[in-house]
Amino acid sequence: MSARRVHGADASARGIRGGWRLFGGTFLTVLLLAVGSSAGALWTTGAVPLGATANVATAAATSTGATALTRTYQFTPANAATQNIRIAPIVYTNTGTAPLALSATMSNNTAPLAANVSLTYWAGSGGACAASIPATGVSVGTLAAPPALPAALSAVPVGGAVTLCTATSLSTTMLVSQGLSVSPTLTLTGRVGANWIASVPLAFTQSVYRVPDPTGLTCAQTGALNNIATLSFTAVPGASSYRVVRATGGTLIKTATTSPITITANDLGLVGLLTIGTLPVLVQATDATGTVSPGLPATVTVLTVIATGCG
């Protein structure tokens, strides 16, 4: 009876010791895991106070000079080489707290004229550009397909500025592109990584001159034999001559250097014919460079070769 109790006590003691060993092993494992985890955290980062932010820099910039790119191409063949090129310095200033990687884009540049305006970039200094396009260090394209910035302008230091020299020129004649215009926007963008951006949009307009229409057009019935009508108008500054054309097809009827212009049956090819009807015409101005105004409309009424009339 006594031996059985001792045997039971020994078994109980062994169970307790086994439990302590299991507990101790588990505690040690947990302790090691905790220590290992704590060591890893201390290795990868320091303490971060509550309310801290990740904003370590600001990107900001200003720019000037784009208005100098607004121009109207108007020149004569004799001095086209000098009048055709416009050079403008554009200054981009970094007013932020970190260096900026600079790039340039062009928008609103799909008008037909954009493909016929050459665009050249190069680096200037101190807000100034050379009087002519340099032979090296330039990037060349068009308003429709602008070039990338030269490597010398790829970065702007804190508080610093770069000068983007921009030259434009018309790559066609005035006669081909007369009256066309394009109003693109050049955007200079400075970046700090992918999240901080400082963009400056610079809008300008380029156009090709076209002599304007005459004004104050009147049509008077002449009453004279073979004369159909007399067209009077106010002269246009810069115009070298005037012409009357058929409104449909543009066939030339008559030219003159001053107002008025009298239309005769001969001018209309009506000699020997009896004709009844009306004839829409346009009175246009022309200049020495070859541009022609769109035309001011009038209507001539033809009853017979000897009758006169105006619409």
# chains A, B, ... in the order shown; residues from 1 in each chain; ligands from 1

$ residues_around --residues "stretch 212-218 of chain A" --least-positions-apart "3" --cutoff "8 Å" --atoms "only C-alpha atoms" --output "list in words"
Leu231, Ser232, Phe233, Thr234, Ala235, Val236, Val283, Gln284, Ala285, Val292, Ser293, Pro294, Gly295 and Leu296 of chain A

$ closest_atom_pairs --of "stretch 56-127 of chain A" --to "stretch 193-196 of chain A" --cutoff "12 Å" --atoms "only C-alpha atoms" --output "JSON lines"
{"residue": "A:Val56", "atom": "CA", "partner": "A:Trp196", "partner_atom": "CA", "distance": 10.2}
{"residue": "A:Ala57", "atom": "CA", "partner": "A:Trp196", "partner_atom": "CA", "distance": 7.9}
{"residue": "A:Thr58", "atom": "CA", "partner": "A:Trp196", "partner_atom": "CA", "distance": 6.7}
{"residue": "A:Ala59", "atom": "CA", "partner": "A:Trp196", "partner_atom": "CA", "distance": 5.6}
{"residue": "A:Ala60", "atom": "CA", "partner": "A:Trp196", "partner_atom": "CA", "distance": 8.8}
{"residue": "A:Ala61", "atom": "CA", "partner": "A:Trp196", "partner_atom": "CA", "distance": 11.6}
{"residue": "A:Gly96", "atom": "CA", "partner": "A:Trp196", "partner_atom": "CA", "distance": 10.1}
{"residue": "A:Thr97", "atom": "CA", "partner": "A:Trp196", "partner_atom": "CA", "distance": 10.8}
{"residue": "A:Ala98", "atom": "CA", "partner": "A:Trp196", "partner_atom": "CA", "distance": 9.6}
{"residue": "A:Pro99", "atom": "CA", "partner": "A:Gly193", "partner_atom": "CA", "distance": 10.1}
{"residue": "A:Leu100", "atom": "CA", "partner": "A:Gly193", "partner_atom": "CA", "distance": 8.8}
{"residue": "A:Ala101", "atom": "CA", "partner": "A:Gly193", "partner_atom": "CA", "distance": 8.4}
{"residue": "A:Leu102", "atom": "CA", "partner": "A:Gly193", "partner_atom": "CA", "distance": 11.4}

$ write_last_selection --atoms "all heavy atoms" --output "tab-separated table (two decimals), in the first residue's frame"
chain	number	residue	atom	x	y	z
A	56	VAL	N	10.05	65.93	-47.92
A	56	VAL	CA	11.40	66.40	-47.63
A	56	VAL	C	11.82	67.51	-48.58
A	56	VAL	O	12.89	68.06	-48.43
A	56	VAL	CB	12.40	65.23	-47.72
A	56	VAL	CG1	12.11	64.19	-46.67
A	56	VAL	CG2	12.38	64.60	-49.11
A	57	ALA	N	11.01	67.82	-49.60
A	57	ALA	CA	11.38	68.86	-50.55
A	57	ALA	C	10.12	69.43	-51.19
A	57	ALA	O	9.08	68.79	-51.22
A	57	ALA	CB	12.29	68.28	-51.63
A	58	THR	N	10.25	70.64	-51.70
A	58	THR	CA	9.17	71.23	-52.47
A	58	THR	C	9.71	71.58	-53.85
A	58	THR	O	10.87	71.96	-54.00
A	58	THR	CB	8.63	72.51	-51.80
A	58	THR	OG1	9.71	73.44	-51.62
A	58	THR	CG2	8.02	72.18	-50.45
A	59	ALA	N	8.86	71.45	-54.86
A	59	ALA	CA	9.24	71.78	-56.23
A	59	ALA	C	8.46	73.01	-56.66
A	59	ALA	O	7.23	73.01	-56.64
A	59	ALA	CB	8.97	70.61	-57.16
A	60	ALA	N	9.13	74.06	-57.04
A	60	ALA	CA	8.48	75.29	-57.47
A	60	ALA	C	9.38	75.98	-58.48
A	60	ALA	O	10.61	75.86	-58.42
A	60	ALA	CB	8.19	76.21	-56.28
A	61	ALA	N	8.78	76.69	-59.44
A	61	ALA	CA	9.57	77.34	-60.46
A	61	ALA	C	8.81	78.49	-61.08
A	61	ALA	O	7.59	78.56	-60.99
A	61	ALA	CB	9.97	76.34	-61.55
A	96	GLY	N	12.24	76.16	-55.52
A	96	GLY	CA	11.93	75.13	-54.53
A	96	GLY	C	13.11	74.82	-53.63
A	96	GLY	O	14.08	75.60	-53.54
A	97	THR	N	13.06	73.67	-52.96
A	97	THR	CA	14.08	73.30	-51.98
A	97	THR	C	14.86	72.06	-52.38
A	97	THR	O	15.51	71.44	-51.54
A	97	THR	CB	13.43	73.07	-50.61
A	97	THR	OG1	12.45	72.02	-50.73
A	97	THR	CG2	12.78	74.34	-50.08
A	98	ALA	N	14.79	71.68	-53.67
A	98	ALA	CA	15.53	70.52	-54.15
A	98	ALA	C	15.89	70.74	-55.61
A	98	ALA	O	15.19	71.47	-56.32
A	98	ALA	CB	14.70	69.24	-53.99
A	99	PRO	N	16.97	70.15	-56.09
A	99	PRO	CA	17.31	70.25	-57.52
A	99	PRO	C	16.20	69.65	-58.38
A	99	PRO	O	15.53	68.71	-57.98
A	99	PRO	CB	18.60	69.42	-57.62
A	99	PRO	CG	19.15	69.36	-56.24
A	99	PRO	CD	17.97	69.36	-55.32
A	100	LEU	N	16.01	70.22	-59.57
A	100	LEU	CA	14.95	69.78	-60.46
A	100	LEU	C	15.53	69.20	-61.75
A	100	LEU	O	16.44	69.79	-62.35
A	100	LEU	CB	14.03	70.95	-60.82
A	100	LEU	CG	13.24	71.59	-59.67
A	100	LEU	CD1	12.45	72.79	-60.18
A	100	LEU	CD2	12.30	70.57	-59.03
A	101	ALA	N	15.00	68.06	-62.16
A	101	ALA	CA	15.30	67.50	-63.48
A	101	ALA	C	14.33	68.14	-64.47
A	101	ALA	O	13.12	68.06	-64.29
A	101	ALA	CB	15.15	65.99	-63.47
A	102	LEU	N	14.85	68.79	-65.52
A	102	LEU	CA	14.03	69.62	-66.39
A	102	LEU	C	13.72	68.92	-67.71
A	102	LEU	O	14.57	68.25	-68.29
A	102	LEU	CB	14.76	70.94	-66.67
A	102	LEU	CG	13.96	72.04	-67.39
A	102	LEU	CD1	12.78	72.48	-66.55
A	102	LEU	CD2	14.87	73.23	-67.70

$ select_by_dssp --residues "stretch 214-244 of chain A" --states "strand (DSSP E)" --output "PyMOL selection string"
chain A and resi 215-221+227-234+241-244

$ write_last_selection --atoms "N, CA, C and O atoms" --output "PDB file, in the first residue's frame"
ATOM      1  N   THR A 215     -11.597  97.796 -97.767  1.00  0.00           N
ATOM      2  CA  THR A 215     -12.797  98.101 -96.988  1.00  0.00           C
ATOM      3  C   THR A 215     -13.659  99.106 -97.755  1.00  0.00           C
ATOM      4  O   THR A 215     -13.212  99.722 -98.726  1.00  0.00           O
ATOM      5  N   GLY A 216     -14.901  99.260 -97.276  1.00  0.00           N
ATOM      6  CA  GLY A 216     -15.798 100.269 -97.864  1.00  0.00           C
ATOM      7  C   GLY A 216     -16.140 100.035 -99.317  1.00  0.00           C
ATOM      8  O   GLY A 216     -16.269 100.994-100.100  1.00  0.00           O
ATOM      9  N   LEU A 217     -16.328  98.772 -99.701  1.00  0.00           N
ATOM     10  CA  LEU A 217     -16.593  98.463-101.107  1.00  0.00           C
ATOM     11  C   LEU A 217     -18.001  98.924-101.514  1.00  0.00           C
ATOM     12  O   LEU A 217     -18.976  98.646-100.832  1.00  0.00           O
ATOM     13  N   THR A 218     -18.078  99.609-102.660  1.00  0.00           N
ATOM     14  CA  THR A 218     -19.367  99.977-103.251  1.00  0.00           C
ATOM     15  C   THR A 218     -19.347  99.611-104.728  1.00  0.00           C
ATOM     16  O   THR A 218     -18.293  99.584-105.367  1.00  0.00           O
ATOM     17  N   CYS A 219     -20.533  99.330-105.251  1.00  0.00           N
ATOM     18  CA  CYS A 219     -20.676  98.994-106.671  1.00  0.00           C
ATOM     19  C   CYS A 219     -21.634  99.990-107.300  1.00  0.00           C
ATOM     20  O   CYS A 219     -22.785 100.129-106.847  1.00  0.00           O
ATOM     21  N   ALA A 220     -21.176 100.689-108.334  1.00  0.00           N
ATOM     22  CA  ALA A 220     -22.002 101.710-108.976  1.00  0.00           C
ATOM     23  C   ALA A 220     -22.310 101.313-110.411  1.00  0.00           C
ATOM     24  O   ALA A 220     -21.441 100.794-111.129  1.00  0.00           O
ATOM     25  N   GLN A 221     -23.558 101.576-110.826  1.00  0.00           N
ATOM     26  CA  GLN A 221     -23.958 101.330-112.208  1.00  0.00           C
ATOM     27  C   GLN A 221     -23.421 102.462-113.087  1.00  0.00           C
ATOM     28  O   GLN A 221     -23.631 103.636-112.802  1.00  0.00           O
ATOM     29  N   ASN A 227     -19.748  99.307-120.475  1.00  0.00           N
ATOM     30  CA  ASN A 227     -19.290  99.247-119.085  1.00  0.00           C
ATOM     31  C   ASN A 227     -20.384  98.628-118.218  1.00  0.00           C
ATOM     32  O   ASN A 227     -21.543  99.043-118.266  1.00  0.00           O
ATOM     33  N   ILE A 228     -19.998  97.645-117.405  1.00  0.00           N
ATOM     34  CA  ILE A 228     -20.980  96.942-116.582  1.00  0.00           C
ATOM     35  C   ILE A 228     -21.157  97.629-115.233  1.00  0.00           C
ATOM     36  O   ILE A 228     -22.260  98.005-114.858  1.00  0.00           O
ATOM     37  N   ALA A 229     -20.045  97.815-114.506  1.00  0.00           N
ATOM     38  CA  ALA A 229     -20.138  98.394-113.162  1.00  0.00           C
ATOM     39  C   ALA A 229     -18.781  98.926-112.727  1.00  0.00           C
ATOM     40  O   ALA A 229     -17.733  98.511-113.252  1.00  0.00           O
ATOM     41  N   THR A 230     -18.797  99.829-111.769  1.00  0.00           N
ATOM     42  CA  THR A 230     -17.573 100.370-111.204  1.00  0.00           C
ATOM     43  C   THR A 230     -17.512 100.004-109.720  1.00  0.00           C
ATOM     44  O   THR A 230     -18.437 100.310-108.962  1.00  0.00           O
ATOM     45  N   LEU A 231     -16.408  99.367-109.312  1.00  0.00           N
ATOM     46  CA  LEU A 231     -16.201  98.948-107.923  1.00  0.00           C
ATOM     47  C   LEU A 231     -15.221  99.898-107.252  1.00  0.00           C
ATOM     48  O   LEU A 231     -14.077 100.054-107.699  1.00  0.00           O
ATOM     49  N   SER A 232     -15.698 100.554-106.205  1.00  0.00           N
ATOM     50  CA  SER A 232     -14.857 101.495-105.456  1.00  0.00           C
ATOM     51  C   SER A 232     -14.600 100.948-104.056  1.00  0.00           C
ATOM     52  O   SER A 232     -15.460 100.272-103.475  1.00  0.00           O
ATOM     53  N   PHE A 233     -13.436 101.274-103.473  1.00  0.00           N
ATOM     54  CA  PHE A 233     -13.061 100.747-102.154  1.00  0.00           C
ATOM     55  C   PHE A 233     -11.957 101.606-101.554  1.00  0.00           C
ATOM     56  O   PHE A 233     -11.345 102.439-102.240  1.00  0.00           O
ATOM     57  N   THR A 234     -11.712 101.400-100.283  1.00  0.00           N
ATOM     58  CA  THR A 234     -10.644 102.113 -99.579  1.00  0.00           C
ATOM     59  C   THR A 234      -9.346 101.336 -99.710  1.00  0.00           C
ATOM     60  O   THR A 234      -9.315 100.113 -99.527  1.00  0.00           O
ATOM     61  N   SER A 241      -1.320  96.137-105.379  1.00  0.00           N
ATOM     62  CA  SER A 241      -2.308  96.137-106.451  1.00  0.00           C
ATOM     63  C   SER A 241      -3.605  95.514-105.954  1.00  0.00           C
ATOM     64  O   SER A 241      -3.659  94.973-104.839  1.00  0.00           O
ATOM     65  N   TYR A 242      -4.621  95.613-106.812  1.00  0.00           N
ATOM     66  CA  TYR A 242      -5.941  95.053-106.486  1.00  0.00           C
ATOM     67  C   TYR A 242      -6.421  94.262-107.689  1.00  0.00           C
ATOM     68  O   TYR A 242      -6.037  94.541-108.840  1.00  0.00           O
ATOM     69  N   ARG A 243      -7.281  93.292-107.436  1.00  0.00           N
ATOM     70  CA  ARG A 243      -7.797  92.509-108.549  1.00  0.00           C
ATOM     71  C   ARG A 243      -9.224  92.064-108.267  1.00  0.00           C
ATOM     72  O   ARG A 243      -9.633  91.911-107.118  1.00  0.00           O
ATOM     73  N   VAL A 244      -9.958  91.865-109.357  1.00  0.00           N
ATOM     74  CA  VAL A 244     -11.315  91.346-109.280  1.00  0.00           C
ATOM     75  C   VAL A 244     -11.296  89.951-109.885  1.00  0.00           C
ATOM     76  O   VAL A 244     -10.785  89.756-111.006  1.00  0.00           O
TER      77      VAL A 244
END

$ residues_around --residues "A:Ala152" --least-positions-apart "3" --cutoff "9 Å" --atoms "only C-alpha atoms" --output "MDAnalysis selection string"
chainID A and resid 122:123 137 149 155

$ residues_around --residues "A:Ala167" --least-positions-apart "6" --cutoff "8 Å" --atoms "only C-alpha atoms" --output "ChimeraX atom specification"
/A:85-88,118-121,133

$ select_by_dssp --residues "stretch 103-237 of chain A" --states "alpha helix (DSSP H)" --output "PyMOL selection string"
chain A and resi 174-177

$ residues_around --residues "A:Asp267" --least-positions-apart "3" --cutoff "7 Å" --atoms "only C-alpha atoms" --output "PDB file with N, CA and C atoms, in the first residue's frame"
ATOM      1  N   ILE A 253     -10.476  88.529-113.423  1.00  0.00           N
ATOM      2  CA  ILE A 253     -11.272  89.366-114.320  1.00  0.00           C
ATOM      3  C   ILE A 253     -10.502  90.623-114.688  1.00  0.00           C
ATOM      4  N   LYS A 254      -9.937  91.297-113.671  1.00  0.00           N
ATOM      5  CA  LYS A 254      -9.232  92.541-113.953  1.00  0.00           C
ATOM      6  C   LYS A 254      -8.333  92.916-112.785  1.00  0.00           C
ATOM      7  N   ILE A 263     -15.541  97.371-114.430  1.00  0.00           N
ATOM      8  CA  ILE A 263     -15.686  96.102-115.130  1.00  0.00           C
ATOM      9  C   ILE A 263     -16.433  96.341-116.433  1.00  0.00           C
ATOM     10  N   THR A 264     -15.861  95.889-117.532  1.00  0.00           N
ATOM     11  CA  THR A 264     -16.493  96.055-118.846  1.00  0.00           C
ATOM     12  C   THR A 264     -16.963  94.714-119.377  1.00  0.00           C
TER      13      THR A 264
END

$ closest_residue --among "A:Val138, A:Val281, A:Val211, A:Ala288" --to "A:Gly179" --atoms "only C-alpha atoms"
A:Val211

$ closest_residue --among "A:Thr291, A:Ser103, A:Thr136, A:Thr299" --to "A:Leu175" --atoms "only C-alpha atoms"
A:Thr291

$ residues_around --residues "A:Thr168" --least-positions-apart "3" --cutoff "12 Å" --atoms "only C-alpha atoms" --output "PyMOL selection string"
chain A and resi 66+68-73+82-89+114-121+132-133+140-143+146+165+171+204-207

$ write_last_selection --atoms "C-alpha atoms" --output "compact mmCIF listing (two decimals), in the first residue's frame"
# COMPACT_ATOMS: atom_id res chain seq x y z
CA ALA A 66 7.76 83.18 -73.97
CA ALA A 68 9.01 87.04 -77.31
CA LEU A 69 8.09 83.95 -79.34
CA THR A 70 4.81 85.54 -80.44
CA ARG A 71 5.38 86.82 -83.94
CA THR A 72 3.94 87.31 -87.41
CA TYR A 73 6.16 86.25 -90.31
CA THR A 82 17.34 87.74 -91.24
CA GLN A 83 13.63 88.45 -90.83
CA ASN A 84 12.64 84.80 -90.86
CA ILE A 85 14.37 83.83 -87.60
CA ARG A 86 13.16 84.88 -84.16
CA ILE A 87 15.32 84.09 -81.10
CA ALA A 88 13.89 84.32 -77.58
CA PRO A 89 15.60 83.56 -74.24
CA ALA A 114 3.01 73.96 -86.77
CA ALA A 115 4.72 71.50 -89.10
CA ASN A 116 6.14 74.38 -91.15
CA VAL A 117 7.75 76.27 -88.26
CA SER A 118 11.23 75.07 -87.35
CA LEU A 119 12.10 75.01 -83.63
CA THR A 120 15.65 75.04 -82.26
CA TYR A 121 16.81 74.81 -78.61
CA SER A 132 22.41 83.66 -84.24
CA ILE A 133 21.91 79.92 -83.85
CA VAL A 140 16.23 70.82 -83.80
CA GLY A 141 12.61 69.98 -84.58
CA THR A 142 9.34 71.74 -85.40
CA LEU A 143 6.43 73.12 -83.40
CA PRO A 146 9.50 69.60 -80.86
CA CYS A 165 17.37 79.79 -76.08
CA SER A 171 10.26 76.71 -93.42
CA PHE A 204 2.46 82.08 -77.57
CA THR A 205 1.14 82.58 -81.11
CA GLN A 206 2.85 82.47 -84.49
CA SER A 207 1.19 83.46 -87.73

$ closest_residue --among "A:Ile90, A:Ala130, A:Val208, A:Ala104" --to "A:Ser181" --atoms "only C-alpha atoms"
A:Val208
